[in-house]
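> So that you have it, the file is entry26.pdb, and it contains PDB, C-alpha atoms:
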MODEL        1
ATOM      1  CA  MET A   1    -254.269-212.614  11.749
ATOM      2  CA  VAL A   2    -255.076-214.016   8.344
ATOM      3  CA  ALA A   3    -258.271-215.025   6.627
ATOM      4  CA  LYS A   4    -259.081-218.721   6.771
ATOM      5  CA  ASP A   5    -258.739-220.655   3.549
ATOM      6  CA  PRO A   6    -261.864-222.810   2.989
ATOM      7  CA  ALA A   7    -259.782-225.381   1.071
ATOM      8  CA  ILE A   8    -257.850-226.297   4.236
ATOM      9  CA  PRO A   9    -259.680-228.688   6.600
ATOM     10  CA  ASN A  10    -259.864-228.027  10.307
ATOM     11  CA  LEU A  11    -257.667-230.860  11.539
ATOM     12  CA  GLY A  12    -258.117-230.186  15.248
ATOM     13  CA  GLN A  13    -255.565-230.092  18.053
ATOM     14  CA  LYS A  14    -254.180-233.568  17.349
ATOM     15  CA  ASP A  15    -253.375-232.809  13.714
ATOM     16  CA  ASN A  16    -252.033-229.258  13.976
ATOM     17  CA  LEU A  17    -249.441-230.171  11.352
ATOM     18  CA  LEU A  18    -248.671-226.642  10.198
ATOM     19  CA  LYS A  19    -247.965-225.061  13.569
ATOM     20  CA  PRO A  20    -244.925-222.781  13.136
ATOM     21  CA  SER A  21    -241.827-223.835  15.036
ATOM     22  CA  PRO A  22    -238.462-222.392  13.883
ATOM     23  CA  ALA A  23    -236.382-225.073  15.622
ATOM     24  CA  GLN A  24    -238.452-227.994  14.349
ATOM     25  CA  THR A  25    -236.192-230.661  12.816
ATOM     26  CA  LYS A  26    -238.057-233.957  13.225
ATOM     27  CA  LEU A  27    -240.476-235.320  10.641
ATOM     28  CA  VAL A  28    -244.124-234.449  11.283
ATOM     29  CA  THR A  29    -246.455-237.450  11.108
ATOM     30  CA  ALA A  30    -250.239-237.565  11.215
ATOM     31  CA  LYS A  31    -252.033-239.136  14.176
ATOM     32  CA  THR A  32    -255.446-239.551  12.536
ATOM     33  CA  ARG A  33    -256.680-240.766   9.162
ATOM     34  CA  ARG A  34    -257.838-237.311   8.197
ATOM     35  CA  GLY A  35    -254.406-235.875   8.858
ATOM     36  CA  LYS A  36    -252.809-238.697   6.861
ATOM     37  CA  ARG A  37    -255.023-237.938   3.855
ATOM     38  CA  PHE A  38    -254.167-234.260   4.227
ATOM     39  CA  LEU A  39    -250.412-234.947   4.070
ATOM     40  CA  GLU A  40    -250.767-237.390   1.147
ATOM     41  CA  LYS A  41    -252.635-234.736  -0.832
ATOM     42  CA  ARG A  42    -249.722-232.308  -0.398
ATOM     43  CA  ALA A  43    -246.984-234.870  -1.021
ATOM     44  CA  PRO A  44    -244.839-234.512  -4.183
ATOM     45  CA  LYS A  45    -246.359-236.060  -7.320
ATOM     46  CA  LEU A  46    -244.940-237.115 -10.665
ATOM     47  CA  ILE A  47    -247.476-234.852 -12.400
ATOM     48  CA  GLU A  48    -248.038-231.789 -10.235
ATOM     49  CA  ASP A  49    -251.371-230.038  -9.765
ATOM     50  CA  VAL A  50    -252.120-226.480 -10.870
ATOM     51  CA  LYS A  51    -249.943-223.965  -9.048
ATOM     52  CA  ARG A  52    -251.978-222.007  -6.505
ATOM     53  CA  SER A  53    -251.286-218.348  -5.750
ATOM     54  CA  LEU A  54    -251.378-216.454  -2.469
ATOM     55  CA  VAL A  55    -252.489-212.803  -2.604
ATOM     56  CA  LEU A  56    -251.714-210.738   0.510
ATOM     57  CA  TYR A  57    -251.012-207.208   1.715
ATOM     58  CA  GLY A  58    -247.934-205.785   3.411
ATOM     59  CA  ASN A  59    -247.753-203.256   6.258
ATOM     60  CA  LYS A  60    -249.153-200.389   4.167
ATOM     61  CA  VAL A  61    -251.044-200.700   0.904
ATOM     62  CA  SER A  62    -252.688-198.187  -1.434
ATOM     63  CA  GLN A  63    -256.060-198.518  -3.132
ATOM     64  CA  VAL A  64    -254.387-198.900  -6.531
ATOM     65  CA  VAL A  65    -252.436-201.931  -5.302
ATOM     66  CA  LYS A  66    -255.560-203.393  -3.681
ATOM     67  CA  ASP A  67    -257.498-203.174  -6.943
ATOM     68  CA  ALA A  68    -254.599-204.659  -8.922
ATOM     69  CA  LEU A  69    -254.286-207.606  -6.502
ATOM     70  CA  THR A  70    -258.045-208.155  -6.689
ATOM     71  CA  ASP A  71    -257.855-208.426 -10.480
ATOM     72  CA  ILE A  72    -254.929-210.876 -10.249
ATOM     73  CA  HIS A  73    -256.965-212.924  -7.785
ATOM     74  CA  LYS A  74    -259.901-212.966 -10.227
ATOM     75  CA  LEU A  75    -257.698-214.060 -13.138
ATOM     76  CA  LYS A  76    -256.451-217.055 -11.155
ATOM     77  CA  GLY A  77    -260.011-218.071 -10.281
ATOM     78  CA  LEU A  78    -260.337-220.985  -7.865
ATOM     79  CA  ASP A  79    -256.573-221.535  -7.787
ATOM     80  CA  SER A  80    -255.956-218.462  -5.649
ATOM     81  CA  VAL A  81    -256.171-217.611  -1.935
ATOM     82  CA  LYS A  82    -256.529-213.998  -0.798
ATOM     83  CA  TYR A  83    -255.658-212.623   2.665
ATOM     84  CA  THR A  84    -257.430-209.345   3.422
ATOM     85  CA  ARG A  85    -255.525-208.281   6.536
ATOM     86  CA  ARG A  86    -252.181-206.523   6.676
ATOM     87  CA  ASN A  87    -248.965-208.391   7.437
ATOM     88  CA  GLU A  88    -246.194-206.262   8.898
ATOM     89  CA  ASP A  89    -243.438-208.896   8.967
ATOM     90  CA  VAL A  90    -243.559-209.937   5.286
ATOM     91  CA  ARG A  91    -240.470-208.482   3.558
ATOM     92  CA  PRO A  92    -239.106-210.906   0.937
ATOM     93  CA  PHE A  93    -236.111-208.696   0.016
ATOM     94  CA  GLU A  94    -234.794-208.411   3.581
ATOM     95  CA  PRO A  95    -232.848-211.133   5.463
ATOM     96  CA  GLY A  96    -235.307-213.151   7.534
ATOM     97  CA  GLY A  97    -238.296-211.301   6.111
ATOM     98  CA  GLU A  98    -239.494-214.326   4.152
ATOM     99  CA  THR A  99    -240.165-216.514   7.241
ATOM    100  CA  SER A 100    -243.796-215.471   7.666
ATOM    101  CA  LEU A 101    -244.354-215.605   3.921
ATOM    102  CA  GLU A 102    -243.107-219.210   3.800
ATOM    103  CA  PHE A 103    -245.396-220.124   6.693
ATOM    104  CA  TYR A 104    -248.451-218.600   4.991
ATOM    105  CA  SER A 105    -247.515-220.359   1.764
ATOM    106  CA  ASN A 106    -247.255-223.700   3.536
ATOM    107  CA  LYS A 107    -250.527-223.144   5.353
ATOM    108  CA  SER A 108    -252.431-222.270   2.174
ATOM    109  CA  ASN A 109    -250.572-224.791  -0.033
ATOM    110  CA  CYS A 110    -249.543-222.071  -2.505
ATOM    111  CA  SER A 111    -246.337-222.044  -4.557
ATOM    112  CA  LEU A 112    -246.905-218.537  -6.002
ATOM    113  CA  PHE A 113    -247.487-215.260  -4.198
ATOM    114  CA  ALA A 114    -248.401-211.650  -5.009
ATOM    115  CA  LEU A 115    -247.577-209.110  -2.301
ATOM    116  CA  GLY A 116    -248.781-205.508  -2.355
ATOM    117  CA  THR A 117    -247.095-202.676  -0.402
ATOM    118  CA  HIS A 118    -246.924-198.881  -0.486
ATOM    119  CA  SER A 119    -244.349-196.447   0.871
ATOM    120  CA  LYS A 120    -242.913-193.025   0.096
ATOM    121  CA  LYS A 121    -239.741-194.552  -1.320
ATOM    122  CA  ARG A 122    -241.543-197.258  -3.354
ATOM    123  CA  PRO A 123    -245.133-196.188  -4.059
ATOM    124  CA  HIS A 124    -247.702-198.658  -5.448
ATOM    125  CA  ASN A 125    -245.367-201.629  -5.053
ATOM    126  CA  LEU A 126    -246.187-205.132  -6.343
ATOM    127  CA  VAL A 127    -243.999-208.202  -5.639
ATOM    128  CA  LEU A 128    -244.462-211.432  -7.606
ATOM    129  CA  GLY A 129    -242.588-214.539  -6.503
ATOM    130  CA  ARG A 130    -242.383-218.318  -6.394
ATOM    131  CA  MET A 131    -241.791-220.982  -3.749
ATOM    132  CA  PHE A 132    -240.021-224.324  -3.938
ATOM    133  CA  ASP A 133    -240.767-226.825  -1.184
ATOM    134  CA  PHE A 134    -242.402-223.871   0.644
ATOM    135  CA  HIS A 135    -239.125-221.912   0.678
ATOM    136  CA  LEU A 136    -238.635-218.647  -1.188
ATOM    137  CA  TYR A 137    -237.255-219.413  -4.654
ATOM    138  CA  ASP A 138    -237.201-216.045  -6.465
ATOM    139  CA  CYS A 139    -239.210-212.818  -6.723
ATOM    140  CA  VAL A 140    -239.447-209.591  -8.733
ATOM    141  CA  GLU A 141    -240.531-206.193  -7.416
ATOM    142  CA  LEU A 142    -242.629-204.029  -9.755
ATOM    143  CA  GLY A 143    -243.894-200.469  -9.483
ATOM    144  CA  ILE A 144    -247.370-199.675 -10.839
ATOM    145  CA  GLU A 145    -247.195-196.508 -12.968
ATOM    146  CA  GLN A 146    -250.645-196.762 -14.568
ATOM    147  CA  TYR A 147    -253.583-199.023 -13.808
ATOM    148  CA  HIS A 148    -257.056-199.578 -15.258
ATOM    149  CA  GLY A 149    -259.077-202.368 -13.689
ATOM    150  CA  ILE A 150    -261.478-204.916 -15.112
ATOM    151  CA  LYS A 151    -264.411-202.835 -13.839
ATOM    152  CA  GLU A 152    -263.623-200.162 -16.421
ATOM    153  CA  PHE A 153    -264.034-202.758 -19.211
ATOM    154  CA  ALA A 154    -267.211-204.331 -17.854
ATOM    155  CA  LYS A 155    -268.848-205.160 -21.210
ATOM    156  CA  ALA A 156    -265.733-206.735 -22.745
ATOM    157  CA  ALA A 157    -264.964-208.765 -19.594
ATOM    158  CA  THR A 158    -268.180-210.757 -19.975
ATOM    159  CA  GLY A 159    -266.783-212.491 -23.072
ATOM    160  CA  ALA A 160    -264.272-214.609 -21.095
ATOM    161  CA  GLN A 161    -265.011-217.500 -18.762
ATOM    162  CA  VAL A 162    -263.175-218.217 -15.519
ATOM    163  CA  GLY A 163    -260.988-221.319 -15.746
ATOM    164  CA  ASN A 164    -260.261-221.253 -19.494
ATOM    165  CA  LYS A 165    -256.620-221.299 -20.531
ATOM    166  CA  PRO A 166    -255.390-218.003 -21.986
ATOM    167  CA  CYS A 167    -253.016-217.450 -24.878
ATOM    168  CA  ILE A 168    -249.899-215.697 -23.489
ATOM    169  CA  ILE A 169    -247.831-213.565 -25.879
ATOM    170  CA  PHE A 170    -244.493-211.872 -25.095
ATOM    171  CA  VAL A 171    -243.498-209.056 -27.447
ATOM    172  CA  GLY A 172    -239.912-207.827 -27.531
ATOM    173  CA  GLU A 173    -236.467-209.391 -27.783
ATOM    174  CA  LYS A 174    -235.601-208.010 -24.332
ATOM    175  CA  PHE A 175    -237.380-211.000 -22.779
ATOM    176  CA  GLU A 176    -234.478-213.081 -24.133
ATOM    177  CA  SER A 177    -231.544-210.743 -23.446
ATOM    178  CA  VAL A 178    -232.334-208.889 -20.185
ATOM    179  CA  PRO A 179    -231.963-211.242 -17.146
ATOM    180  CA  HIS A 180    -234.688-209.763 -14.906
ATOM    181  CA  LEU A 181    -237.193-209.628 -17.807
ATOM    182  CA  LYS A 182    -236.392-213.244 -18.626
ATOM    183  CA  GLN A 183    -237.078-214.114 -14.987
ATOM    184  CA  LEU A 184    -240.304-212.082 -15.089
ATOM    185  CA  ARG A 185    -241.472-213.949 -18.207
ATOM    186  CA  SER A 186    -241.052-217.257 -16.396
ATOM    187  CA  LEU A 187    -242.992-215.863 -13.421
ATOM    188  CA  LEU A 188    -245.914-214.682 -15.561
ATOM    189  CA  LEU A 189    -246.102-218.047 -17.307
ATOM    190  CA  ASP A 190    -246.321-219.851 -13.969
ATOM    191  CA  PHE A 191    -249.011-217.444 -12.774
ATOM    192  CA  PHE A 192    -251.408-217.635 -15.727
ATOM    193  CA  ARG A 193    -250.738-220.860 -17.645
ATOM    194  CA  GLY A 194    -253.124-222.965 -15.531
ATOM    195  CA  LEU A 195    -253.301-226.721 -16.036
ATOM    196  CA  GLN A 196    -250.727-228.105 -18.474
ATOM    197  CA  VAL A 197    -252.376-230.067 -21.283
ATOM    198  CA  ASP A 198    -251.217-231.674 -24.556
ATOM    199  CA  GLN A 199    -254.119-230.413 -26.693
ATOM    200  CA  ILE A 200    -256.530-227.494 -26.517
ATOM    201  CA  ASN A 201    -259.857-226.749 -28.168
ATOM    202  CA  LEU A 202    -259.665-223.484 -30.095
ATOM    203  CA  ALA A 203    -263.344-222.818 -29.375
ATOM    204  CA  GLY A 204    -262.464-222.520 -25.663
ATOM    205  CA  LEU A 205    -259.645-220.024 -26.275
ATOM    206  CA  ASP A 206    -261.404-216.797 -25.323
ATOM    207  CA  ARG A 207    -258.694-214.392 -24.083
ATOM    208  CA  ILE A 208    -255.123-213.273 -24.736
ATOM    209  CA  ILE A 209    -252.623-211.978 -22.184
ATOM    210  CA  MET A 210    -250.009-209.797 -23.867
ATOM    211  CA  ALA A 211    -246.770-208.611 -22.241
ATOM    212  CA  VAL A 212    -244.685-205.963 -24.035
ATOM    213  CA  ALA A 213    -241.172-204.850 -23.025
ATOM    214  CA  PRO A 214    -240.409-201.485 -24.728
ATOM    215  CA  GLU A 215    -237.480-200.778 -22.350
ATOM    216  CA  ASP A 216    -235.111-202.758 -20.150
ATOM    217  CA  ASN A 217    -237.034-201.946 -16.952
ATOM    218  CA  GLN A 218    -240.562-201.450 -18.276
ATOM    219  CA  LEU A 219    -243.388-203.940 -18.790
ATOM    220  CA  LEU A 220    -246.803-203.296 -20.355
ATOM    221  CA  LEU A 221    -249.426-205.907 -19.460
ATOM    222  CA  ARG A 222    -252.709-206.111 -21.425
ATOM    223  CA  GLN A 223    -255.546-208.595 -21.715
ATOM    224  CA  TYR A 224    -257.984-209.015 -24.638
ATOM    225  CA  THR A 225    -261.025-211.131 -25.331
ATOM    226  CA  ILE A 226    -261.196-213.218 -28.514
ATOM    227  CA  LYS A 227    -264.240-213.453 -30.757
ATOM    228  CA  LEU A 228    -264.338-215.691 -33.825
ATOM    229  CA  LYS A 229    -266.175-214.070 -36.738
ATOM    230  CA  LYS A 230    -266.935-215.130 -40.289
ATOM    231  CA  SER A 231    -264.244-214.515 -42.878
ATOM    232  CA  GLY A 232    -265.588-216.348 -45.954
ATOM    233  CA  THR A 233    -262.992-219.123 -45.565
ATOM    234  CA  LYS A 234    -262.446-222.080 -43.243
ATOM    235  CA  VAL A 235    -260.173-219.979 -41.031
ATOM    236  CA  PRO A 236    -262.261-217.571 -38.904
ATOM    237  CA  ARG A 237    -261.406-213.912 -38.437
ATOM    238  CA  LEU A 238    -260.243-212.899 -34.945
ATOM    239  CA  ALA A 239    -261.589-209.787 -33.267
ATOM    240  CA  LEU A 240    -259.765-208.569 -30.125
ATOM    241  CA  THR A 241    -261.385-206.362 -27.469
ATOM    242  CA  GLU A 242    -259.491-205.112 -24.426
ATOM    243  CA  MET A 243    -261.008-206.445 -21.182
ATOM    244  CA  GLY A 244    -258.451-205.362 -18.561
ATOM    245  CA  PRO A 245    -256.571-205.133 -16.376
ATOM    246  CA  ARG A 246    -254.256-202.648 -18.067
ATOM    247  CA  LEU A 247    -250.969-202.365 -16.169
ATOM    248  CA  ASP A 248    -247.880-200.243 -16.872
ATOM    249  CA  LEU A 249    -245.152-201.671 -14.638
ATOM    250  CA  ARG A 250    -241.578-200.660 -13.836
ATOM    251  CA  VAL A 251    -239.069-203.271 -12.620
ATOM    252  CA  ARG A 252    -237.425-202.102  -9.378
ATOM    253  CA  ARG A 253    -235.681-205.067  -7.723
ATOM    254  CA  SER A 254    -235.266-208.775  -8.357
ATOM    255  CA  ARG A 255    -234.059-211.712  -6.299
ATOM    256  CA  THR A 256    -232.748-214.764  -8.138
ATOM    257  CA  ALA A 257    -232.719-218.329  -6.857
ATOM    258  CA  PRO A 258    -229.539-219.807  -5.293
ATOM    259  CA  VAL A 259    -227.598-222.156  -7.544
ATOM    260  CA  ASP A 260    -228.122-225.275  -5.427
ATOM    261  CA  LEU A 261    -231.840-224.581  -5.002
ATOM    262  CA  GLU A 262    -232.243-223.930  -8.727
ATOM    263  CA  ARG A 263    -230.493-227.205  -9.560
ATOM    264  CA  GLU A 264    -232.788-229.117  -7.215
ATOM    265  CA  ALA A 265    -235.933-227.387  -8.498
ATOM    266  CA  CYS A 266    -235.129-228.092 -12.157
ATOM    267  CA  LYS A 267    -234.876-231.867 -11.716
ATOM    268  CA  GLN A 268    -237.358-233.732 -13.890
ATOM    269  CA  PRO A 269    -238.903-237.054 -12.785
ATOM    270  CA  GLN A 270    -238.547-240.072 -15.042
ATOM    271  CA  LEU A 271    -242.008-240.891 -16.332
ATOM    272  CA  GLY A 272    -243.046-244.050 -18.141
ATOM    273  CA  LYS A 273    -241.506-247.508 -18.340
ATOM    274  CA  LYS A 274    -237.797-247.881 -17.676
ATOM    275  CA  LYS A 275    -235.628-248.876 -20.631
ATOM    276  CA  GLU A 276    -234.580-252.524 -20.638
ATOM    277  CA  LYS A 277    -230.900-253.146 -21.188
ATOM    278  CA  ASN A 278    -229.723-255.288 -24.138
ATOM    279  CA  VAL A 279    -233.273-255.614 -25.492
ATOM    280  CA  SER A 280    -234.357-254.288 -28.882
ATOM    281  CA  SER A 281    -237.228-254.810 -31.304
ATOM    282  CA  ASP A 282    -237.051-255.969 -34.904
ATOM    283  CA  VAL A 283    -239.676-255.817 -37.646
ATOM    284  CA  LEU A 284    -239.323-259.511 -38.531
ATOM    285  CA  ASP A 285    -238.060-261.140 -35.327
ATOM    286  CA  GLY A 286    -239.972-258.979 -32.857
ATOM    287  CA  LYS A 287    -238.340-258.692 -29.419
ATOM    288  CA  VAL A 288    -234.620-259.488 -29.632
ATOM    289  CA  GLY A 289    -232.259-259.910 -26.685
ATOM    290  CA  ARG A 290    -228.467-259.639 -26.648
ATOM    291  CA  ILE A 291    -226.332-261.811 -24.356
ATOM    292  CA  TYR A 292    -222.700-261.068 -23.515
ATOM    293  CA  MET A 293    -220.579-264.183 -22.747
ATOM    294  CA  PRO A 294    -217.054-264.105 -21.254
ATOM    295  CA  LYS A 295    -214.112-265.653 -23.102
ATOM    296  CA  GLN A 296    -214.224-269.442 -22.787
ATOM    297  CA  LYS A 297    -211.071-271.550 -22.113
ATOM    298  CA  VAL A 298    -211.793-274.911 -23.719
ATOM    299  CA  ASP A 299    -208.525-276.506 -22.528
ATOM    300  CA  THR A 300    -209.401-276.245 -18.854
ATOM    301  CA  MET A 301    -213.163-276.805 -19.107
ATOM    302  CA  ALA A 302    -214.701-280.026 -17.745
ATOM    303  CA  LEU A 303    -216.353-281.452 -20.840
ATOM    304  CA  ALA A 304    -218.241-284.745 -21.262
ATOM    305  CA  LYS A 305    -215.898-287.499 -22.513
ATOM    306  CA  MET A 306    -216.883-289.300 -25.710
ATOM    307  CA  LYS A 307    -217.253-293.087 -25.819
ATOM    308  CA  GLY A 308    -214.945-293.333 -28.851
ATOM    309  CA  LEU A 309    -211.992-292.321 -26.670
ATOM    310  CA  LYS A 310    -212.290-295.396 -24.403
ATOM    311  CA  ARG A 311    -210.536-297.608 -27.006
ATOM    312  CA  GLU A 312    -207.507-295.370 -26.962
ATOM    313  CA  ARG A 313    -207.348-295.554 -23.178
ATOM    314  CA  ARG A 314    -207.445-299.407 -23.303
ATOM    315  CA  LYS A 315    -204.582-299.518 -25.813
ATOM    316  CA  ALA A 316    -202.550-297.154 -23.679
ATOM    317  CA  ALA A 317    -203.146-299.393 -20.622
ATOM    318  CA  ALA A 318    -202.150-302.567 -22.535
ATOM    319  CA  ASP A 319    -198.928-300.950 -23.747
ATOM    320  CA  ALA A 320    -198.122-299.934 -20.198
ATOM    321  CA  VAL A 321    -198.526-303.566 -18.948
ATOM    322  CA  ALA A 322    -196.325-304.911 -21.764
ATOM    323  CA  LYS A 323    -193.566-302.501 -20.829
ATOM    324  CA  GLY A 324    -193.895-303.378 -17.133
ATOM    325  CA  LEU A 325    -195.286-299.990 -16.117
ATOM    326  CA  PRO A 326    -197.989-299.685 -13.421
ATOM    327  CA  LYS A 327    -201.577-299.395 -14.606
ATOM    328  CA  PRO A 328    -203.429-296.136 -14.262
ATOM    329  CA  LYS A 329    -205.644-295.873 -11.176
ATOM    330  CA  LYS A 330    -208.894-295.908 -13.136
ATOM    331  CA  GLN A 331    -207.874-299.009 -15.173
ATOM    332  CA  LYS A 332    -206.682-300.801 -12.018
ATOM    333  CA  LYS A 333    -210.006-300.204 -10.232
ATOM    334  CA  ALA A 334    -211.913-301.381 -13.320
ATOM    335  CA  ALA A 335    -209.865-304.637 -13.477
ATOM    336  CA  GLU A 336    -210.429-305.331  -9.766
ATOM    337  CA  ALA A 337    -214.160-304.787 -10.164
ATOM    338  CA  ALA A 338    -214.299-307.198 -13.126
ATOM    339  CA  ALA A 339    -212.458-309.935 -11.124
TER     340      ALA A 339
ENDMDL
END
Show me the file's structure as structure tokens.


Amino acid sequence: MVAKDPAIPNLGQKDNLLKPSPAQTKLVTAKTRRGKRFLEKRAPKLIEDVKRSLVLYGNKVSQVVKDALTDIHKLKGLDSVKYTRRNEDVRPFEPGGETSLEFYSNKSNCSLFALGTHSKKRPHNLVLGRMFDFHLYDCVELGIEQYHGIKEFAKAATGAQVGNKPCIIFVGEKFESVPHLKQLRSLLLDFFRGLQVDQINLAGLDRIIMAVAPEDNQLLLRQYTIKLKKSGTKVPRLALTEMGPRLDLRVRRSRTAPVDLEREACKQPQLGKKKEKNVSSDVLDGKVGRIYMPKQKVDTMALAKMKGLKRERRKAAADAVAKGLPKPKKQKKAAEAAA
């Protein structure tokens, strides 16, 4: 059992489009207008919407993991769905264990997920991952070594508004050299970047998310609020105050994307007007076109005959008569027509 997502409409029995069926191969079509609008909203777009995240629990979960997932859910704001019940069959690192996770992701229309588990072998476990076309793309398993929630920084947390874009900073050259940290950097960017925009108002930049990699398998995650204060110049002075959550994480396992799936996911759509062939623009002439013509054979082309050549044809016909040769067909028909 999972909690119902209020963003998903109740389509009824006729439009139960997300009913799980492992052997389903045919294309699902809507039977009502409401179901058609529902499928069009989830269809691929040239400019995608903000990536939504799914927060859920595994078979066993500790209170530390619950609080950490709650803070992640708060940071995502309205672009996050949280399931409060336990899910025993969600194991993304085991063969076949991602089936239920893919179904929940499809049902909630979420391309990101955060899974919390707890066991004796892997205590306080946190799994962050991504989906492509509602199939598991990649994921990273992290162990929580130290955690301080947003509640412990209650006064500083009031300085940030939900929905504002944060400034994300990665400290350490290991994010470029270590493969699983490079993958984790891409995951964190997808989780917290929000809506992609071309410009941003600095007055609305109110928090910083900082990720530090002191070791190959360690990640320190911090969040600070930004306050602009007077500095005596045009450039204001920045004052940072920690607002939480404060997470000390240890990388345990990682699962990379298959090569064919990665190639398909990295394809970029062609936006804007298509380029016209053989057309260029000039400052003086404006729009200029280029035409390619094949090689012309003038000897065999059917050209219009000039009137000045008729006299030569008459002389040639008269010489032929004087020598007793037969007239050309065209001259003979002309003479008969004149008679």

> Around all of region 69-81 of chain A's listed atoms, make the axis-aligned box with 3 Å on each side and tell me centre and edge lengths in Å to one decimal, as lines of an AutoDock Vina configuration file.


center_x = -257.3
center_y = -214.6
center_z = -7.5
size_x = 12.1
size_y = 19.9
size_z = 17.2

> From the set A:Leu181, A:Leu303, A:Leu126, A:Val81, which residue has the shortest atom-to-atom contact distance to Gly58 (chain A), counting all atoms listed in the file?

A:Leu126

> For Arg122 (chain A), which of A:Ala156, A:Ala43, A:Val251, A:Leu205 is the closest residue, counting all atoms listed in the file?

A:Val251

> Please, what distance in Å, to one decimal, runs between CA of Phe175 (chain A) and CA of Pro214 (chain A)?

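Interatomic distance, CA of Phe175 (chain A) to CA of Pro214 (chain A): 10.2 Å.
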
> Determine the nearest neighbour of Phe103 (chain A) from the options A:Leu136, A:Leu78, A:Leu115, A:Ile209, counting only C-alpha atoms.

A:Leu136

> Have a look at A:Lys229, A:Lys274, A:His135, A:Arg263 and name the one nearest to Asn106 (chain A); count only C-alpha atoms.

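Between A:Lys229, A:Lys274, A:His135, A:Arg263, the residue approaching Asn106 (chain A) most closely is A:His135.
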
> Env of Lys60 (chain A): 9 Å cut, atoms = only C-alpha atoms, seq-sep filter 5 positions within chain, self excluded. Answer as an MDAnalysis selection string.

chainID A and resid 86:88 116:119

> If the PyMOL selection byres ((chain A and resi 158) around 12) were run on this exact file, what residues would it hold? Put them as a VMD selection string.

chain A and resid 150 to 151 153 to 157 159 to 162 206 to 207 224 to 227 241 to 244

> Could you save those same residues with C-alpha atoms as a CSV table (one decimal), in the frame of the given file?


chain,number,residue,atom,x,y,z
A,150,ILE,CA,-261.5,-204.9,-15.1
A,151,LYS,CA,-264.4,-202.8,-13.8
A,153,PHE,CA,-264.0,-202.8,-19.2
A,154,ALA,CA,-267.2,-204.3,-17.9
A,155,LYS,CA,-268.8,-205.2,-21.2
A,156,ALA,CA,-265.7,-206.7,-22.7
A,157,ALA,CA,-265.0,-208.8,-19.6
A,159,GLY,CA,-266.8,-212.5,-23.1
A,160,ALA,CA,-264.3,-214.6,-21.1
A,161,GLN,CA,-265.0,-217.5,-18.8
A,162,VAL,CA,-263.2,-218.2,-15.5
A,206,ASP,CA,-261.4,-216.8,-25.3
A,207,ARG,CA,-258.7,-214.4,-24.1
A,224,TYR,CA,-258.0,-209.0,-24.6
A,225,THR,CA,-261.0,-211.1,-25.3
A,226,ILE,CA,-261.2,-213.2,-28.5
A,227,LYS,CA,-264.2,-213.5,-30.8
A,241,THR,CA,-261.4,-206.4,-27.5
A,242,GLU,CA,-259.5,-205.1,-24.4
A,243,MET,CA,-261.0,-206.4,-21.2
A,244,GLY,CA,-258.5,-205.4,-18.6

> Using the chain letters and residue numbers of this document, give as a PyMOL selection string the residues selected by the PyMOL selection byres ((chain A and resi 54) around 6).

chain A and resi 53+55+80-82+110+113

> Put those residues in a file: C-alpha atoms, as a short mmCIF file (atom, residue, chain, number, x, y, z; two decimals), in the frame of the given file.


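After the write, selection-v2.cif holds the following:
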data_model
loop_
_atom_site.label_atom_id
_atom_site.label_comp_id
_atom_site.auth_asym_id
_atom_site.auth_seq_id
_atom_site.Cartn_x
_atom_site.Cartn_y
_atom_site.Cartn_z
CA SER A 53 -251.29 -218.35 -5.75
CA VAL A 55 -252.49 -212.80 -2.60
CA SER A 80 -255.96 -218.46 -5.65
CA VAL A 81 -256.17 -217.61 -1.94
CA LYS A 82 -256.53 -214.00 -0.80
CA CYS A 110 -249.54 -222.07 -2.50
CA PHE A 113 -247.49 -215.26 -4.20
#

> Do you have the CA of Leu221 (chain A)-CA of Asp248 (chain A) distance handy?

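These two atoms are separated by 6.4 Å.
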
> By how many Å are CA of Gln183 (chain A) and CA of Asp198 (chain A) apart?

24.5 Å

> Excluding same-chain residues fewer than 5 positions from region 167-171 of chain A, what lies within 8 Å of it counting all atoms listed in the file, as a list in words?

Arg185, Leu189, Arg193, Leu205, Arg207, Ile208, Ile209, Met210, Ala211, Val212 and Ala213 of chain A

> Pull C-alpha atoms from the residues just selected and write them as an mmCIF file, in the coordinates of the input.


data_model
loop_
_atom_site.group_PDB
_atom_site.id
_atom_site.type_symbol
_atom_site.label_atom_id
_atom_site.label_comp_id
_atom_site.auth_asym_id
_atom_site.auth_seq_id
_atom_site.Cartn_x
_atom_site.Cartn_y
_atom_site.Cartn_z
ATOM 1 C CA ARG A 185 -241.472 -213.949 -18.207
ATOM 2 C CA LEU A 189 -246.102 -218.047 -17.307
ATOM 3 C CA ARG A 193 -250.738 -220.860 -17.645
ATOM 4 C CA LEU A 205 -259.645 -220.024 -26.275
ATOM 5 C CA ARG A 207 -258.694 -214.392 -24.083
ATOM 6 C CA ILE A 208 -255.123 -213.273 -24.736
ATOM 7 C CA ILE A 209 -252.623 -211.978 -22.184
ATOM 8 C CA MET A 210 -250.009 -209.797 -23.867
ATOM 9 C CA ALA A 211 -246.770 -208.611 -22.241
ATOM 10 C CA VAL A 212 -244.685 -205.963 -24.035
ATOM 11 C CA ALA A 213 -241.172 -204.850 -23.025
#

> Using all atoms listed in the file for the distances, tell me which of A:Asp133, A:Leu247, A:Lys273, A:Ala320 is nearest to Pro44 (chain A).

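Of all the options, A:Asp133 lies closest to Pro44 (chain A).
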